[in-house]
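K.L.:
First the structure, then my questions, so here it is.
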Amino acid sequence: MNDNETSRTGAVDVAYVARLARLSLTPEETAQFQRQLEDILAYVGQLAALDVEGVEPTAHAVPARNVFREDVARPGLPPEEALANAPSARQGLFIVPKIVE
Amino acid sequence: MARLSSFALHELSAKLAAGECSSVEIVNDLLDAIAERNGELHAYLWLNAEEARAAAAEADRRRAAGESPRSPLDGLPVALKDNLSARGQPCGCASRILEGYRAPYDAHVVERLRAAGAILLGRTNMDEFAMGSSTENSAYGPTRNPWDSERVPGGSSGGAAAAVAGGLALAALGSDTGGSIRQPASFCGCVGLKPTYGRVSRYGLVAYASSLDQIGPIARDTRDAARLLGIIAGRDARDSTSLDAAVPDYEAALGERLDGLRLGLPREYFGAGLDPEVERAARAAAEQCRALGAEVFEVELPHTPYAVAAYYLLATAEASANLARFDGVRYGRRVEGEDPTDLYQRTRAAGFGPEVKRRIILGAFALSHGYYDAYYLRAQKVRTLIRRDFEAAFERCDALLAPVAPTPAYRLGEKTDNPLAMYLGDILTIPVNLAGICGLSVPCGFTPGGLPIGLQIIAPALGEERALRVGHAYEQATRWMEKTSHASPSAIRGQR
């Protein structure tokens, strides 16, 4: 991982971030996104000019409190319905390539 | 006589009650209109024709048997944006990655529509995962504007707005994260309402940016928008951000006059880059509101210029997390790989379109180590400043009047090569989402070339009644909506 390298150059490393996001890109896509994201980041760079010292961040516009509910079992999707959209399913399970050798 | 598909929901509700038409006739006329024009407009991705006909026949049977209507929507068809789950229907978000997916459950709003007796007519086109402002990012091809088929309908709920304006739907539900209901409503000459964050449960809406997304109606007029909001609004335990606030009778708030209301014109929303025709129409609308009894004066929202930058960091950061679930394992498309990571990467590369990839990468970057403070956290602080701007403005006035978009509908392809230019078109709608307040788009005229222009009415949190009151009084005084049903290039000749 070239995390430190990305931080040092101070510019978006599209190929690296795409790997983080589990997206494989063609060389053409990488080059195009690189150019477009540099434009976008140059634009959002204007936020650096604002004085936000002491300003609380807003994660949700409406003040949110934690909401509790009674801890009682409720019906969920039956397994066959949960699996109905799976690209590959067998014996009530989602099938994926082997994870552990 | 005008065809049934050109009426508003409330007009058809009255016709049904008076026995002047049947639900089957209404549904059939809409299906005819769709057969005539959907090939050109591409407003719908999927039609529920047989079930809709059967549901209409059932509603007619109930009415004939003397049963009282389940709601004012009983027996009337509504369209759904393709990101709202309805059990058994596709819910593809106009993305290849959800090809073949069928929703296993109903969204809260769909449950409410079904309980109200509404008929689910079909699913409308959108920008893939609601990421876009023109509906050109649909994996299934763009929707065209019914007023000029060389132009975009706006987005991301462009299919919904084009369907309502083009006579292919009476009303639709869309979603609005940065303007995706209001801007297409403006481009197509419909009414569109982005409710307060939390007013409508997001349960069953495929998430784009969860702290900003909100479901709302796109309709022929403000009464229909009020009626639909009354049906879909309210607390739902399955969306912990849904507000536990009473749902008022929104239609009761509609009147003819605006006496006693103080309306602010945000100086920054009338600044550089605003199309002169859009400015002329919005200022004329403000004068009309003054004539209806409102006090109208200028206010300031000084942090407006920073809204687009903050939004595109926050929304994409949330999207990068929300869209992690599309991995080719549980639903949708899969491209096989050597190991799970390879499978995820190949599936996502093949399944997502360019704009979705761009936003996922931008969002993952804004959240990544070394950039979080400079981008994501700073954007959240700017969000606070934008929210405070509105709080200060609403100390002086009851609602704000502004344009919805800086320009009327542009040509297809005009902005597709320049994502930043497309983003900048959202400047007048994004602040409302960042602040979590509500915004209404109502038609306020046409350009000399015959394209609709929208007026935006912005109200504080849970101020939907007030926004609808202003919109309705304005609409009744100007009657633009009479010129905006069954939009077509020929319908607008000589119509200014």
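Each chain in the structure tokens gets a letter, A, B, ..., in the order shown, and its residues are numbered from 1; ligands are numbered from 1 in order too.
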Give me the chain A side of the contact with chain B, cut-off 6 Å, one line per residue showing its nearest atom pair and distance in Å at one decimal, counting only C-alpha atoms, sorted by chain and residue number, as CSV.

P.N.:
```
residue,atom,partner,partner_atom,distance
A:Ser7,CA,B:Gly370,CA,5.9
A:Ala18,CA,B:Ile361,CA,5.9
A:Arg22,CA,B:Gln345,CA,4.7
A:Leu23,CA,B:Gln345,CA,4.6
A:Ser24,CA,B:Gln345,CA,5.1
A:Val44,CA,B:Ala309,CA,4.6
A:Val55,CA,B:Lys381,CA,5.8
A:Glu56,CA,B:Lys381,CA,5.8
A:Pro57,CA,B:Lys381,CA,4.1
A:Thr58,CA,B:Gln380,CA,5.1
A:His60,CA,B:Ser211,CA,5.7
A:Ala61,CA,B:Gly436,CA,5.0
A:Asn85,CA,B:Tyr331,CA,4.7
A:Ala86,CA,B:Tyr331,CA,4.5
A:Pro97,CA,B:Asp339,CA,5.3
```

K.L.:
Name the residues in contact with B:Ala405 at a cut-off of 8 Å, using only C-alpha atoms, excluding same-chain residues fewer than 4 positions from it; report them as an MDAnalysis selection string.

P.N.:
chainID B and resid 183 186 425:429 454

K.L.:
Interatomic distance between atom CA of B:Gly132 and atom CA of B:Asp213?

P.N.:
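For atom CA of B:Gly132 relative to atom CA of B:Asp213, the distance reads 13.7 Å.
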
K.L.:
What does the distance from atom CA of B:Gly92 to atom CA of B:Arg199 come to in Å, to one decimal?

P.N.:
24.7 Å

K.L.:
Would you mind reading off the distance between atom CA of B:Arg262 and atom CA of B:Gly463, one decimal, in Å?

P.N.:
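Between these atoms lies a distance of 13.7 Å.
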
K.L.:
As a PyMOL selection string, which residues of chain A does DSSP assign to helix (DSSP H, G or I)?

P.N.:
chain A and resi 3-9+14-20+27-49+79-83

K.L.:
As an MDAnalysis selection string, please: every residue in chain A that DSSP puts in strand (DSSP E or B).

P.N.:
chainID A and resid 89:90 93:94

K.L.:
Name all residues at most 7 Å from B:Tyr208 (count only C-alpha atoms; drop same-chain ones fewer than 2 positions away) and give them as a VMD selection string.

P.N.:
chain B and resid 129 to 130 206 210 213 319 322

K.L.:
Tell me, as a PyMOL selection string, which residues lie within 12 Å of B:Val404, counting only C-alpha atoms; anything in the same chain fewer than 5 positions away does not count.

P.N.:
chain B and resi 154+178-189+191-194+269-270+274-275+278-279+281-282+409+425-432+439-444+452-458

K.L.:
Contacts of B:Ser201 at 8 Å or less, counting only C-alpha atoms, minus same-chain residues fewer than 4 places along, as JSON, numbers by chain?

P.N.:
{"B": [108, 109, 214, 215, 233, 234, 235, 236, 238, 239, 241, 242]}

K.L.:
Counting only C-alpha atoms, what is within 12 Å of A:Ala31, bar same-chain residues fewer than 3 positions away, as a list in words?

P.N.:
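Result of the neighbour search: Val12, Asp13, Val14, Ala15, Leu25, Thr26, Pro27, Glu28, Gln34, Arg35, Gln36, Leu37 and Glu38 of chain A; Arg358 of chain B.
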